[in-house]
Amino acid sequence: MIDIHSHILPEMDDGARNFSESIEMARKAVEQGITDIFATPHYYKGKYDNDKEKVEGKTRQLNRVLDDLEIPLKIWPGQEIRISDELLEDYDNNSVMALNGSHYMLLELPLNHVPRYMERLIYDLQMKRITPIIAHPERNLEIIRNPHLLEELIWKGAYSQITAGSITGKFGWRTKRFSKYLIHSGLTHFIASDAHNVENRGFQIREAYKWVEKNLGQEVVNGFQVNAKNVLYGMKGKEHFV
Ligand SMILES: [Fe+2]
């Protein structure tokens with residue numbers, strides 16, 4: 001299984017604090033059936049200055065540690081990029097990157113609204129052959145109030161990723177209900193863990209997929225997994241389901 005969103009790299013953000021926490025997370029990921037995981041530390045200027053070079057270096061280090069310990073998990077570099085009007089500039093000067101240098105970029109919206117420049121940003125990124133993936137839209141207050149906004153962004157070419165814990169109820173019943181609505185409406189393309197630690201922000205990705213399988217069938221699970229594979233192998237294409 002492939003997980004496209006996690007905070008498994010040590011000493012970067014509010015995820016793993018040190019290598020031993022990263023190792024603990026890696027063991028849990030393997031228990032969940034994950035073989036490949038994108039490390040997507042926050043990139044948020046002034047708060048988390050995790051540029052591409054830093055992420056790649058730390059990813060190499062963690063992969064070496066996991067290899068030595070014979071933990072069968074491969075880490076791939078990425079970032080969860082907080083959108084800003086400087087994003088394109090940051091991409092051009094190599095501070096931000098698409099997931100493992102593919103053409104998929106993981107973007108984080110502010111929690112309480114969708115900035116008006118978002119549509120333009122999606123367009124500009126696509127001009128650079130980048131497909132944006134909107135991380136956890138189910139937790140954005142403006143999208144919760146008006147899901148049509150997400151539909152518009154997807155229609156313009158963005159993808160979206162729901163967090164496994166939102167489906168399992170980790171963020172409350174409202175988020176759970178809304179996540180299911182988004183899946184049923186075909187407004188999301190990935191399920192990922194967004195794991196931060198092993199205590200209160202774990203993986204739950206297997207449990208989330210179980211729910212999808214039970215309620216929507218194995219075909220939909222396969223669709224999500226093909227999408228994740230396309231990111232890992234840098235392929236274009238979007239599965240349509242429901
Ligand atoms: Fe995240």
# chains A, B, ... in the order shown; residues from 1 in each chain; ligands from 1
>>> closest_atom_pairs(of="chain A", to="ligand 1", cutoff="9 Å", atoms="only C-alpha atoms and all ligand atoms", output="CSV")
residue,atom,partner,partner_atom_place_in_ligand_line,distance
A:His5,CA,ligand 1,1 (Fe),6.2
A:Ser6,CA,ligand 1,1 (Fe),5.9
A:His7,CA,ligand 1,1 (Fe),6.4
A:Gly15,CA,ligand 1,1 (Fe),8.6
A:Thr40,CA,ligand 1,1 (Fe),6.8
A:Pro41,CA,ligand 1,1 (Fe),7.0
A:His42,CA,ligand 1,1 (Fe),6.7
A:Gln79,CA,ligand 1,1 (Fe),8.8
A:Glu80,CA,ligand 1,1 (Fe),6.1
A:Glu108,CA,ligand 1,1 (Fe),7.9
A:Ala135,CA,ligand 1,1 (Fe),7.4
A:His136,CA,ligand 1,1 (Fe),8.3
A:Thr163,CA,ligand 1,1 (Fe),8.8
A:Ser193,CA,ligand 1,1 (Fe),8.4
A:Asp194,CA,ligand 1,1 (Fe),4.7
A:Ala195,CA,ligand 1,1 (Fe),7.2
A:His196,CA,ligand 1,1 (Fe),7.5
>>> select_by_dssp(residues="range 4-51 of chain A", states="alpha helix (DSSP H)", output="PyMOL selection string")
chain A and resi 19-32
>>> write_last_selection(atoms="N, CA and C atoms", output="short mmCIF file (atom, residue, chain, number, x, y, z; two decimals), in the first residue's frame")
data_model
loop_
_atom_site.label_atom_id
_atom_site.label_comp_id
_atom_site.auth_asym_id
_atom_site.auth_seq_id
_atom_site.Cartn_x
_atom_site.Cartn_y
_atom_site.Cartn_z
N PHE A 19 14.69 10.67 15.41
CA PHE A 19 14.76 9.45 14.61
C PHE A 19 14.04 8.28 15.28
N SER A 20 14.10 8.21 16.62
CA SER A 20 13.44 7.04 17.22
C SER A 20 11.92 7.11 17.03
N GLU A 21 11.36 8.33 17.04
CA GLU A 21 9.91 8.44 16.74
C GLU A 21 9.62 8.09 15.28
N SER A 22 10.52 8.47 14.38
CA SER A 22 10.33 8.12 12.96
C SER A 22 10.35 6.61 12.79
N ILE A 23 11.25 5.96 13.50
CA ILE A 23 11.36 4.49 13.39
C ILE A 23 10.09 3.82 13.92
N GLU A 24 9.63 4.33 15.05
CA GLU A 24 8.37 3.81 15.62
C GLU A 24 7.23 3.95 14.61
N MET A 25 7.17 5.13 13.97
CA MET A 25 6.13 5.35 12.97
C MET A 25 6.31 4.40 11.79
N ALA A 26 7.55 4.18 11.39
CA ALA A 26 7.81 3.29 10.25
C ALA A 26 7.33 1.88 10.57
N ARG A 27 7.58 1.43 11.79
CA ARG A 27 7.13 0.07 12.16
C ARG A 27 5.61 -0.02 12.11
N LYS A 28 4.94 1.02 12.60
CA LYS A 28 3.47 1.04 12.56
C LYS A 28 2.96 1.03 11.11
N ALA A 29 3.65 1.79 10.27
CA ALA A 29 3.24 1.86 8.85
C ALA A 29 3.31 0.47 8.23
N VAL A 30 4.38 -0.25 8.52
CA VAL A 30 4.54 -1.60 7.97
C VAL A 30 3.42 -2.50 8.49
N GLU A 31 3.10 -2.36 9.77
CA GLU A 31 1.98 -3.14 10.35
C GLU A 31 0.67 -2.88 9.61
N GLN A 32 0.51 -1.65 9.13
CA GLN A 32 -0.71 -1.27 8.41
C GLN A 32 -0.73 -1.81 6.98
#
>>> residues_around(residues="Val55 in chain A", least_positions_apart="4", cutoff="8 Å", atoms="only C-alpha atoms", output="ChimeraX atom specification")
/A:41,50-51,59,77-79
>>> closest_residue(among="A:Asn63, A:Ser95, A:Thr131, A:Thr175", to="Gly234 in chain A", atoms="only C-alpha atoms")
A:Thr131
>>> closest_atom_pairs(of="range 72-163 of chain A", to="range 64-67 of chain A", cutoff="12 Å", atoms="only C-alpha atoms", output="tab-separated table")
residue	atom	partner	partner_atom	distance
A:Pro72	CA	A:Leu66	CA	7.4
A:Leu73	CA	A:Leu66	CA	7.2
A:Lys74	CA	A:Leu66	CA	8.1
A:Ile75	CA	A:Leu66	CA	9.1
>>> closest_residue(among="A:Leu121, A:Arg177, A:Glu199, A:Gly169", to="Leu153 in chain A", atoms="only C-alpha atoms")
A:Leu121
>>> select_by_dssp(residues="range 29-121 of chain A", states="strand (DSSP E or B)", output="list of chain:residue names")
A:Asp36, A:Ile37, A:Phe38, A:Ala39, A:His42, A:Tyr43, A:Tyr44, A:Tyr48, A:Lys74, A:Ile75, A:Trp76, A:Pro77, A:Glu80, A:Ile81, A:Arg82, A:Tyr104, A:Met105, A:Leu106, A:Leu107, A:Glu108
